[in-house]
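The file work-v4.txt contains compact mmCIF, C-alpha atoms and all ligand atoms:
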# COMPACT_ATOMS: atom_id res chain seq x y z
CA GLN A 1 0.00 0.00 0.00
CA VAL A 2 1.57 3.29 -1.15
CA ASP A 3 0.85 6.38 0.90
CA GLU A 4 -0.39 8.75 -1.82
CA SER A 5 0.54 11.83 0.18
CA LYS A 6 4.16 10.72 0.11
CA GLU A 7 4.33 10.44 -3.67
CA VAL A 8 6.48 13.17 -5.13
CA GLU A 9 5.33 12.86 -8.70
CA SER A 10 2.84 10.53 -10.34
CA ILE A 11 4.13 10.58 -13.90
CA VAL A 12 7.66 11.45 -14.93
CA PRO A 13 8.49 10.78 -18.61
CA SER A 14 11.60 8.68 -19.11
CA TYR A 15 13.51 10.81 -21.65
CA ALA A 16 15.09 13.98 -20.25
CA CYS A 17 14.03 15.83 -23.43
CA GLN A 18 10.37 15.21 -22.49
CA ARG A 19 10.83 16.92 -19.13
CA ARG A 20 11.22 20.51 -17.99
CA THR A 21 14.33 20.77 -15.86
CA THR A 22 15.02 24.20 -14.40
CA LEU A 23 18.04 25.16 -12.29
CA GLU A 24 15.89 24.81 -9.18
CA ASN A 25 16.92 21.44 -7.82
CA HIS A 26 15.16 20.09 -4.71
CA ASN A 27 17.31 17.00 -4.51
CA THR A 28 20.91 18.21 -4.63
CA VAL A 29 21.95 15.87 -1.85
CA PHE A 30 21.16 12.92 -4.14
CA THR A 31 22.07 14.49 -7.49
CA ASP A 32 25.49 15.60 -6.18
CA ALA A 33 26.21 12.06 -5.03
CA LEU A 34 25.07 10.48 -8.32
CA SER A 35 26.94 13.09 -10.38
CA LEU A 36 30.17 12.38 -8.56
CA LEU A 37 29.80 8.66 -9.29
CA ALA A 38 28.99 9.52 -12.92
CA GLU A 39 32.12 11.64 -13.13
CA ASN A 40 34.23 8.87 -11.64
CA ALA A 41 32.80 6.36 -14.13
CA GLU A 42 33.45 8.71 -17.07
CA LEU A 43 37.02 9.30 -15.92
CA SER A 44 37.46 5.52 -15.65
CA ASP A 45 36.34 4.73 -19.20
CA GLU A 46 33.01 3.33 -17.99
CA ASP A 47 30.67 5.45 -20.07
CA GLY A 48 27.70 3.11 -19.72
CA ARG A 49 27.74 3.41 -15.95
CA GLY A 50 28.32 7.14 -16.26
CA VAL A 51 25.21 7.61 -18.37
CA ALA A 52 23.12 5.48 -15.98
CA PHE A 53 24.11 7.71 -13.03
CA ARG A 54 23.56 10.88 -15.12
CA ARG A 55 20.07 9.73 -16.13
CA ALA A 56 19.15 8.93 -12.52
CA ALA A 57 20.44 12.34 -11.37
CA ALA A 58 18.59 14.13 -14.18
CA MET A 59 15.31 12.44 -13.28
CA LEU A 60 15.67 13.59 -9.65
CA LYS A 61 16.47 17.14 -10.83
CA ALA A 62 13.07 17.27 -12.55
CA LEU A 63 11.09 16.50 -9.37
CA HIS A 64 9.19 19.38 -7.78
CA SER A 65 9.96 18.50 -4.16
CA PRO A 66 12.60 16.73 -2.08
CA VAL A 67 12.60 12.96 -1.81
CA THR A 68 12.41 11.93 1.83
CA ASP A 69 11.40 8.29 1.52
CA LEU A 70 12.35 5.52 -0.90
CA LEU A 71 8.65 4.74 -1.39
CA GLN A 72 8.27 8.06 -3.18
CA LEU A 73 10.48 6.69 -5.95
CA ARG A 74 8.11 3.88 -6.86
CA GLY A 75 7.15 3.98 -10.51
CA LEU A 76 9.71 6.65 -11.37
CA PRO A 77 11.89 5.93 -14.45
CA CYS A 78 15.69 5.95 -14.85
CA LEU A 79 16.55 4.48 -11.45
CA GLY A 80 18.72 1.39 -11.65
CA GLY A 81 19.63 -0.80 -8.70
CA HIS A 82 22.96 0.92 -8.17
CA SER A 83 21.49 4.43 -8.13
CA LEU A 84 18.72 3.28 -5.79
CA ARG A 85 21.32 1.90 -3.36
CA VAL A 86 23.11 5.25 -3.37
CA ILE A 87 19.87 7.13 -2.70
CA LYS A 88 18.95 4.68 0.08
CA ASP A 89 22.36 5.14 1.69
CA VAL A 90 21.98 8.94 1.62
CA LEU A 91 18.46 8.74 3.05
CA GLU A 92 19.48 6.41 5.87
CA ASN A 93 22.96 7.69 6.70
CA GLY A 94 23.08 11.23 5.41
CA ALA A 95 25.80 10.31 2.91
CA SER A 96 26.71 7.54 0.48
CA SER A 97 29.64 5.43 1.61
CA GLU A 98 30.56 4.73 -2.01
CA VAL A 99 30.69 8.45 -2.76
CA GLU A 100 32.76 9.17 0.34
CA PHE A 101 35.12 6.32 -0.51
CA THR A 102 35.49 7.58 -4.10
CA LYS A 103 36.13 11.17 -3.00
CA GLN A 104 38.92 10.03 -0.69
CA SER A 105 40.54 7.67 -3.16
CA GLU A 106 43.99 8.68 -4.42
CA ARG A 107 43.03 7.59 -7.92
CA PHE A 108 39.96 9.82 -8.15
CA LYS A 109 41.80 12.78 -6.63
CA ALA A 110 44.65 12.37 -9.11
CA LEU A 111 42.23 12.00 -12.06
CA LYS A 112 40.51 15.23 -11.02
CA VAL A 113 43.75 17.19 -10.64
CA LEU A 114 45.23 15.98 -13.92
CA THR A 115 42.09 16.26 -16.06
CA GLY A 116 41.71 19.74 -14.56
CA ILE A 117 44.51 20.68 -16.96
CA PHE A 118 43.01 21.96 -20.22
CA GLY A 119 44.05 19.52 -22.96
CA VAL A 120 44.34 16.50 -20.67
CA GLY A 121 41.66 13.84 -21.03
CA ALA A 122 40.92 10.76 -18.95
CA LYS A 123 43.16 8.49 -21.05
CA THR A 124 46.25 10.68 -20.65
CA ALA A 125 45.60 11.18 -16.94
CA GLU A 126 45.21 7.41 -16.52
CA ARG A 127 48.54 6.79 -18.24
CA TRP A 128 50.32 9.32 -16.05
CA ILE A 129 48.77 7.88 -12.87
CA ARG A 130 50.07 4.43 -13.81
CA GLU A 131 53.53 6.02 -13.93
CA GLY A 132 53.02 7.36 -10.43
CA ILE A 133 52.17 10.95 -11.40
CA HIS A 134 49.40 12.20 -9.10
CA SER A 135 50.02 15.93 -8.82
CA LEU A 136 50.91 18.93 -10.95
CA GLN A 137 54.29 19.10 -9.25
CA GLN A 138 55.02 15.46 -10.10
CA LEU A 139 53.96 16.13 -13.69
CA GLN A 140 56.29 19.11 -13.95
CA ASP A 141 59.15 17.12 -12.42
CA SER A 142 58.59 14.26 -14.87
CA ALA A 143 60.23 14.15 -18.25
CA HIS A 144 56.92 14.36 -20.11
CA THR A 145 56.70 16.75 -23.01
CA LEU A 146 53.35 18.44 -23.00
CA ASN A 147 51.59 19.56 -26.15
CA ARG A 148 50.79 23.23 -26.71
CA ALA A 149 47.26 22.96 -25.25
CA GLN A 150 48.49 21.18 -22.13
CA GLN A 151 51.27 23.71 -21.61
CA ALA A 152 48.74 26.53 -21.76
CA GLY A 153 46.41 24.53 -19.50
CA LEU A 154 49.12 24.08 -16.90
CA GLU A 155 50.21 27.69 -17.12
CA HIS A 156 46.68 28.98 -16.48
CA TYR A 157 45.61 26.14 -14.20
CA ASP A 158 44.25 28.27 -11.34
CA ASP A 159 42.31 30.67 -13.54
CA LEU A 160 40.81 27.90 -15.67
CA ASN A 161 39.66 25.96 -12.62
CA GLN A 162 37.87 28.97 -11.20
CA PRO A 163 34.26 29.15 -12.45
CA VAL A 164 33.47 31.76 -15.09
CA THR A 165 30.73 34.19 -14.06
CA LYS A 166 27.90 35.44 -16.27
CA ALA A 167 29.37 38.96 -16.05
CA GLU A 168 32.69 37.66 -17.38
CA GLY A 169 30.82 35.75 -20.09
CA ASP A 170 29.01 38.93 -21.12
CA ALA A 171 32.25 40.93 -21.16
CA ILE A 172 33.82 38.34 -23.46
CA GLY A 173 30.64 38.39 -25.57
CA GLU A 174 31.14 42.11 -26.19
CA ILE A 175 34.72 41.56 -27.27
CA VAL A 176 33.81 38.67 -29.58
CA ALA A 177 30.91 40.70 -31.03
CA LYS A 178 33.30 43.55 -31.78
CA ALA A 179 35.71 41.16 -33.50
CA VAL A 180 32.92 39.59 -35.56
CA MET A 181 31.44 42.95 -36.57
CA SER A 182 34.86 44.26 -37.59
CA VAL A 183 35.60 41.37 -39.93
CA LEU A 184 32.09 40.64 -41.25
CA PRO A 185 29.40 43.28 -40.66
CA GLY A 186 25.98 41.66 -40.50
CA ALA A 187 27.21 38.45 -38.91
CA GLN A 188 25.36 37.32 -35.79
CA ILE A 189 26.70 36.01 -32.53
CA THR A 190 24.74 33.99 -29.96
CA LEU A 191 25.69 32.94 -26.44
CA ILE A 192 25.23 29.17 -26.19
CA GLY A 193 26.10 26.44 -23.65
CA GLY A 194 25.25 26.72 -19.97
CA PHE A 195 24.86 30.51 -19.94
CA ARG A 196 22.06 30.29 -22.51
CA ARG A 197 20.31 27.91 -20.10
CA GLY A 198 20.48 30.59 -17.41
CA LYS A 199 23.39 29.19 -15.41
CA LEU A 200 25.19 31.79 -13.29
CA THR A 201 28.62 30.21 -13.71
CA GLY A 202 30.28 27.80 -16.13
CA HIS A 203 33.59 26.16 -16.95
CA ASP A 204 33.82 28.11 -20.20
CA VAL A 205 31.92 30.52 -22.46
CA ASP A 206 30.47 29.21 -25.74
CA PHE A 207 29.45 31.29 -28.77
CA LEU A 208 27.79 30.42 -32.07
CA ILE A 209 28.45 32.68 -35.04
CA THR A 210 26.52 32.78 -38.31
CA HIS A 211 25.52 35.14 -41.14
CA PRO A 212 21.95 35.52 -42.50
CA GLU A 213 23.25 35.01 -46.06
CA GLU A 214 24.30 31.41 -46.66
CA GLY A 215 27.99 31.14 -47.55
CA ARG A 216 29.04 34.51 -46.17
CA GLU A 217 30.28 32.73 -43.01
CA VAL A 218 32.93 30.81 -44.99
CA GLY A 219 36.43 31.85 -43.92
CA LEU A 220 35.09 33.87 -41.00
CA MET A 221 36.82 32.07 -38.13
CA PRO A 222 40.46 32.76 -39.13
CA LYS A 223 39.60 36.46 -39.51
CA VAL A 224 37.93 36.62 -36.10
CA VAL A 225 40.88 34.82 -34.53
CA SER A 226 43.38 37.17 -36.21
CA TRP A 227 41.47 40.21 -34.96
CA LEU A 228 41.40 38.85 -31.41
CA GLU A 229 45.06 37.88 -31.60
CA SER A 230 46.13 41.30 -32.90
CA LYS A 231 44.41 42.93 -29.93
CA GLY A 232 46.13 40.60 -27.48
CA PHE A 233 42.97 38.80 -26.37
CA LEU A 234 44.14 35.23 -26.97
CA LEU A 235 46.51 33.29 -24.74
CA TYR A 236 45.93 30.10 -26.76
CA GLN A 237 43.81 29.04 -29.70
CA LYS A 238 43.35 26.03 -31.90
CA THR A 239 41.03 26.25 -34.85
CA THR A 240 39.61 23.16 -36.52
CA ARG A 241 38.26 23.42 -40.05
CA ASN A 242 34.71 22.67 -41.08
CA SER A 243 34.76 19.04 -42.19
CA TYR A 244 31.05 18.69 -42.87
CA LEU A 245 30.58 17.80 -46.53
CA GLU A 246 27.70 19.15 -48.51
CA SER A 247 26.10 16.70 -50.93
CA LYS A 248 23.92 17.54 -53.91
CA ASP A 249 20.59 17.47 -52.09
CA GLY A 250 21.60 18.81 -48.74
CA PRO A 251 24.00 18.31 -45.94
CA ALA A 252 25.58 14.88 -45.75
CA ARG A 253 24.03 12.46 -43.36
CA PRO A 254 25.54 12.85 -39.92
CA SER A 255 27.90 9.97 -39.34
CA SER A 256 28.61 10.61 -35.67
CA ASN A 257 27.49 12.74 -32.77
CA MET A 258 30.63 14.81 -32.92
CA ASP A 259 29.89 17.84 -35.00
CA ARG A 260 32.28 19.14 -37.61
CA PHE A 261 31.73 22.87 -37.59
CA GLU A 262 34.60 25.27 -37.92
CA ARG A 263 35.49 25.60 -34.29
CA CYS A 264 37.98 27.49 -32.15
CA PHE A 265 39.04 26.24 -28.75
CA SER A 266 40.67 29.15 -27.01
CA ILE A 267 41.96 30.61 -23.79
CA PHE A 268 40.95 34.25 -23.55
CA LYS A 269 42.86 36.94 -21.73
CA LEU A 270 40.12 38.97 -20.09
CA PRO A 271 41.40 42.30 -18.73
CA GLU A 272 40.00 43.27 -15.34
CA ASP A 273 38.75 46.62 -16.62
CA GLU A 274 36.74 44.90 -19.38
CA LYS A 275 35.30 42.57 -16.79
CA GLN A 276 34.08 45.42 -14.64
CA GLY A 277 32.51 47.04 -17.65
CA THR A 278 34.60 50.23 -17.49
CA LYS A 279 35.97 49.97 -20.98
CA GLN A 280 39.18 51.74 -21.86
CA THR A 281 39.61 50.56 -25.40
CA GLU A 282 42.65 52.72 -26.13
CA THR A 283 44.73 51.24 -23.33
CA LEU A 284 43.47 47.71 -23.80
CA THR A 285 46.31 46.53 -26.02
CA ASP A 286 48.86 47.89 -23.59
CA THR A 287 47.21 46.19 -20.65
CA CYS A 288 47.17 42.94 -22.55
CA SER A 289 50.86 42.86 -23.28
CA LEU A 290 51.78 43.44 -19.64
CA THR A 291 52.40 39.90 -18.48
CA THR A 292 52.57 36.68 -20.39
CA PRO A 293 54.33 34.14 -18.20
CA SER A 294 55.97 31.76 -20.62
CA LEU A 295 57.13 29.19 -18.10
CA VAL A 296 55.24 27.46 -15.38
CA LYS A 297 57.37 27.91 -12.34
CA ASP A 298 55.15 26.53 -9.65
CA GLU A 299 51.57 25.94 -8.68
CA GLY A 300 50.29 26.51 -5.15
CA SER A 301 50.66 29.79 -3.35
CA GLU A 302 53.11 31.53 -5.67
CA SER A 303 50.93 31.09 -8.70
CA THR A 304 47.86 32.13 -6.72
CA LYS A 305 49.66 35.27 -5.68
CA ARG A 306 50.57 35.96 -9.28
CA ALA A 307 46.98 35.28 -10.38
CA ASN A 308 45.74 37.87 -7.91
CA LEU A 309 48.25 40.49 -8.97
CA LYS A 310 47.88 40.32 -12.71
CA PRO A 311 45.31 42.67 -14.23
CA TRP A 312 43.62 39.99 -16.32
CA ARG A 313 42.21 36.50 -16.03
CA ALA A 314 42.38 33.47 -18.32
CA VAL A 315 38.99 32.10 -19.46
CA ARG A 316 38.17 29.14 -21.70
CA VAL A 317 36.15 30.26 -24.71
CA ASP A 318 34.70 28.10 -27.50
CA LEU A 319 33.68 29.66 -30.82
CA VAL A 320 31.63 27.80 -33.41
CA VAL A 321 30.72 29.01 -36.89
CA SER A 322 27.62 27.60 -38.60
CA PRO A 323 26.02 28.31 -41.98
CA ILE A 324 22.54 29.80 -41.52
CA SER A 325 20.90 26.67 -43.03
CA GLN A 326 22.20 24.63 -40.08
CA PHE A 327 21.89 27.34 -37.46
CA ALA A 328 18.83 25.97 -35.63
CA PHE A 329 20.46 22.54 -35.33
CA ALA A 330 23.72 24.05 -34.13
CA LEU A 331 21.88 26.21 -31.60
CA LEU A 332 19.93 23.24 -30.27
CA GLY A 333 23.00 21.01 -30.24
CA TRP A 334 25.19 23.52 -28.45
CA THR A 335 22.79 24.75 -25.81
CA GLY A 336 22.94 21.51 -23.82
CA SER A 337 22.89 20.25 -21.23
CA LYS A 338 25.06 17.35 -22.36
CA LEU A 339 22.54 14.86 -21.03
CA PHE A 340 19.63 16.75 -22.64
CA GLU A 341 21.48 16.52 -25.98
CA ARG A 342 22.19 12.85 -25.53
CA GLU A 343 18.55 12.19 -24.70
CA LEU A 344 17.32 14.19 -27.73
CA ARG A 345 19.46 11.99 -30.00
CA ARG A 346 18.33 8.84 -28.23
CA TRP A 347 14.68 9.91 -28.56
CA ALA A 348 15.16 10.71 -32.25
CA GLY A 349 16.80 7.35 -32.97
CA HIS A 350 14.77 5.01 -30.78
CA GLU A 351 11.33 6.60 -30.87
CA LYS A 352 11.23 8.34 -34.26
CA ALA A 353 13.74 6.48 -36.46
CA MET A 354 15.49 9.80 -37.09
CA SER A 355 19.12 10.87 -36.77
CA LEU A 356 19.72 14.20 -35.07
CA SER A 357 23.03 16.04 -35.06
CA SER A 358 24.14 19.65 -34.63
CA HIS A 359 23.98 19.91 -38.43
CA ALA A 360 20.74 18.27 -39.49
CA LEU A 361 17.80 15.96 -38.81
CA TYR A 362 17.41 12.93 -41.05
CA ASP A 363 14.19 10.93 -41.22
CA ASN A 364 15.12 7.29 -41.87
CA THR A 365 11.53 6.31 -42.69
CA GLN A 366 11.06 8.94 -45.38
CA SER A 367 14.76 8.84 -46.33
CA LYS A 368 15.02 12.60 -46.33
CA TYR A 369 16.31 15.57 -44.36
CA LEU A 370 13.84 17.63 -42.38
CA ARG A 371 14.61 21.32 -42.63
CA ALA A 372 14.20 23.71 -39.75
CA SER A 373 14.95 27.37 -39.15
CA SER A 374 14.13 27.40 -35.44
CA GLU A 375 14.51 25.15 -32.42
CA GLU A 376 10.71 25.05 -32.14
CA GLU A 377 10.50 23.43 -35.60
CA ILE A 378 13.03 20.77 -34.62
CA PHE A 379 11.08 19.83 -31.49
CA ALA A 380 7.93 19.68 -33.66
CA HIS A 381 9.65 17.38 -36.21
CA LEU A 382 10.65 15.16 -33.30
CA GLY A 383 7.10 15.05 -31.92
CA LEU A 384 8.24 16.69 -28.69
CA GLU A 385 6.74 19.56 -26.75
CA TYR A 386 9.01 22.62 -27.05
CA ILE A 387 11.34 22.98 -24.07
CA PRO A 388 12.98 26.42 -23.71
CA PRO A 389 16.73 26.64 -22.89
CA SER A 390 16.12 27.49 -19.21
CA GLU A 391 14.30 24.15 -18.83
CA ARG A 392 16.99 22.02 -20.49
CA ASN A 393 19.12 21.80 -17.36
CA ALA A 394 18.90 18.02 -17.13
N1 LIG B 1 28.08 19.55 -26.32
C1 LIG B 1 27.66 18.25 -26.48
N2 LIG B 1 28.57 17.25 -26.57
C2 LIG B 1 29.87 17.52 -26.47
C3 LIG B 1 30.32 18.82 -26.30
C4 LIG B 1 29.39 19.83 -26.22
O1 LIG B 1 26.47 17.99 -26.55
N3 LIG B 1 30.74 16.51 -26.54
C5 LIG B 1 27.10 20.63 -26.25
C6 LIG B 1 26.27 20.56 -25.01
C7 LIG B 1 26.86 21.55 -24.10
C8 LIG B 1 27.41 22.58 -25.06
O2 LIG B 1 27.76 21.87 -26.21
O3 LIG B 1 25.93 22.10 -23.23
C9 LIG B 1 28.57 23.31 -24.51
O4 LIG B 1 29.54 22.43 -23.93
P1 LIG B 1 30.15 22.71 -22.52
O5 LIG B 1 31.08 21.59 -22.23
O6 LIG B 1 30.70 24.08 -22.46
O7 LIG B 1 28.90 22.55 -21.54
P2 LIG B 1 28.05 23.63 -20.76
O8 LIG B 1 28.20 24.97 -21.39
O9 LIG B 1 26.67 23.09 -20.70
O10 LIG B 1 28.68 23.58 -19.32
P3 LIG B 1 29.58 24.68 -18.59
O11 LIG B 1 28.60 25.65 -18.02
O12 LIG B 1 30.35 23.95 -17.55
O13 LIG B 1 30.47 25.30 -19.62
MG MG B 2 30.07 25.89 -21.61
The structure given in the file should be rewritten as structure tokens.
Ligand code: DCP
Ligand code: MG
Amino acid sequence: QVDESKEVESIVPSYACQRRTTLENHNTVFTDALSLLAENAELSDEDGRGVAFRRAAAMLKALHSPVTDLLQLRGLPCLGGHSLRVIKDVLENGASSEVEFTKQSERFKALKVLTGIFGVGAKTAERWIREGIHSLQQLQDSAHTLNRAQQAGLEHYDDLNQPVTKAEGDAIGEIVAKAVMSVLPGAQITLIGGFRRGKLTGHDVDFLITHPEEGREVGLMPKVVSWLESKGFLLYQKTTRNSYLESKDGPARPSSNMDRFERCFSIFKLPEDEKQGTKQTETLTDTCSLTTPSLVKDEGSESTKRANLKPWRAVRVDLVVSPISQFAFALLGWTGSKLFERELRRWAGHEKAMSLSSHALYDNTQSKYLRASSEEEIFAHLGLEYIPPSERNA
């Protein structure tokens, strides 16, 4: 016999893209625990387990009140045995022993520290850990040659591991907009990623650039990057070319989830005065050339001291250029959250026999592409109720 009054929700749809998930989370104690286990699984090359924990956490995020009793979870989707055990542990003991154990483990701590370096993924970190490298100091003392991205990541470690605020995101948006307008008047720039979903902080700032006339966006990225570089705004950048091939009757069928837009992974040098909104454009270039530490001398207190003294801060910025014909798909694909995106693609494939990417939507039944010029149209093609960005925080 279920006590009806204890039920949190009667019907929760099983795909995250069918649910409205705001930033208001009534179950952080459980979602934090499950997210940490998801992170540990992802860092350990166990993606299947990672997704299972992420789905369980996302379902709990969509509930309108806190869970206080396991019985309230009856009939709710996305909860596997493992996730249920974690929730039970938290309910009964105030914390999950598995989570506490993971947090304390040398392996997890080392994976976090090493993958905290921009340019270092789980595989590289794993390899280093097997060689006994667990800290930044040990990495620096080792004979490893780091690639350009990793060197920049290590050099700006403290800054890049400090969350980016919305105000900083907006300040960078103004700079990027200026760059884009200077090299291609009429081009449009849109804030995407977590900030578009209303998040107050993020690990980076993401922008999507397009032009209302198809084709005018070709060659745009190198010009934007040159402009930014000439003004001293870039500490690091790597641009990848657009590798998405156009076929006779439309964009080629997406072959993987990874999109192939022209993309720039960068580390921005955001001057403090820009950040505070008191713009002194004339002196900007001077300010920017003040300090560019070329060697990483130490981490810890010295580097923190330096970080506090310098008149700028390093911020991760991603730029993506899309032709206008693919803009709606790029916008939807880059707004996130990551799980929301994953669930949209799973819904498309499993429920609608369609393939969704950040470039296009292909209907396998009709063997044709479905065009769209807005996110609303894409949701409609997918037979889903429209979910605005602020409710895609799964
Ligand atoms: N994205 C994706 N799959 C990837 C990379 C990105 O679906 N492998 C999409 C979803 C993300 C968006 O791009 O929301 C931006 O990627 P971020 O990693 O910057 O994620 P967020 O902006 O959501 O998070 P944060 O606020 O930490 O930057
Ligand atoms: Mg982001």
Any chance you could tabulate, as a tab-separated table, the residues of chain A at most 7 Å from ligand MG 2 (chain B) with each one's nearest atom pair and distance in Å to one decimal, using only C-alpha atoms and all ligand atoms, in chain and rising number order?
residue	atom	partner	partner_atom	distance
A:Gly193	CA	B:MG2	MG	4.5
A:Gly194	CA	B:MG2	MG	5.2
A:Gly202	CA	B:MG2	MG	5.8
A:His203	CA	B:MG2	MG	5.8
A:Asp204	CA	B:MG2	MG	4.6
A:Val205	CA	B:MG2	MG	5.1
A:Asp206	CA	B:MG2	MG	5.3
Dump C-alpha atoms for the selected residues as a PDB file, in the coordinates of the input?
ATOM      1  CA  GLY A 193      26.100  26.440 -23.650  1.00  0.00           C
ATOM      2  CA  GLY A 194      25.250  26.720 -19.970  1.00  0.00           C
ATOM      3  CA  GLY A 202      30.280  27.800 -16.130  1.00  0.00           C
ATOM      4  CA  HIS A 203      33.590  26.160 -16.950  1.00  0.00           C
ATOM      5  CA  ASP A 204      33.820  28.110 -20.200  1.00  0.00           C
ATOM      6  CA  VAL A 205      31.920  30.520 -22.460  1.00  0.00           C
ATOM      7  CA  ASP A 206      30.470  29.210 -25.740  1.00  0.00           C
TER       8      ASP A 206
END
Item to check | Residue neighbourhood Ile267 in chain A, 10 Å, all atoms listed in the file, exclusion window fewer than 2 positions, as JSON, numbers by chain | outcome: {"A": [118, 149, 152, 153, 156, 160, 204, 233, 234, 235, 236, 237, 238, 264, 265, 269, 270, 313, 314, 315, 316, 317, 318]}
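For the choices A:Thr31, A:Gln140, A:Gln151, A:Asn393, the atom-to-atom distance to Phe53 in chain A is smallest for A:Thr31 when using only C-alpha atoms.
The space separating CA of Glu155 in chain A from CA of Thr190 in chain A comes to 29.2 Å.
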How big is the axis-aligned box around the listed atoms of range 307-317 of chain A once 6 Å is added on each side, and where is its centre? Give both in Å to one decimal, as AutoDock Vina command-line options.
--center_x 42.2 --center_y 35.9 --center_z -16.3 --size_x 24.1 --size_y 25.5 --size_z 28.8
Checklist outcome for this item: Of A:Asp363, A:Glu262, A:Glu351, A:Glu24, the one nearest to Leu319 in chain A when counting only C-alpha atoms is A:Glu262
Checklist entry - Rounded to one decimal in Å, what is the spacing between CA of Leu60 in chain A and CA of Ser390 in chain A? => result 16.9 Å
Checklist entry - Using only C-alpha atoms, which of the listed residues (A:Lys166, A:Lys88, A:Arg392, A:His381) sits closest to Gly336 in chain A? => result A:Arg392
Item to check | Spatial neighbours of Gly75 in chain A, max dist 10 Å, all atoms listed in the file, sep filter under 3 positions, as a list in words | outcome: Glu7, Glu9, Ser10, Ile11, Val12, Leu71, Gln72, Cys78 and Leu79 of chain A
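For the atom pair formed by CA of Phe329 in chain A and CA of Leu208 in chain A, the distance is 11.2 Å, given to one decimal.
Distances from A:Asn27, A:Ser337, A:Ser142, A:Ser322 to Ile189 in chain A were compared using all atoms listed in the file, and the smallest one belongs to A:Ser322.
The nearest approach to ligand LIG 1 (chain B) among the residues A:Arg148, A:Arg241, A:His134, A:Lys199, with only C-alpha atoms and all ligand atoms taken into account, belongs to A:Lys199.
Candidate residues A:Gly333, A:Gly349, A:Pro77, A:Gly232 were compared for distance to ligand LIG 1 (chain B), and the nearest is A:Gly333, using all atoms listed in the file.
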Checklist entry - Please, which residues are within 7 Å of (22.8, 29.5, -28.9) by the file's coordinates, counting only C-alpha atoms, and could they come as a VMD selection string? => result chain A and resid 190 to 193 196 207 to 208 331 334 to 335
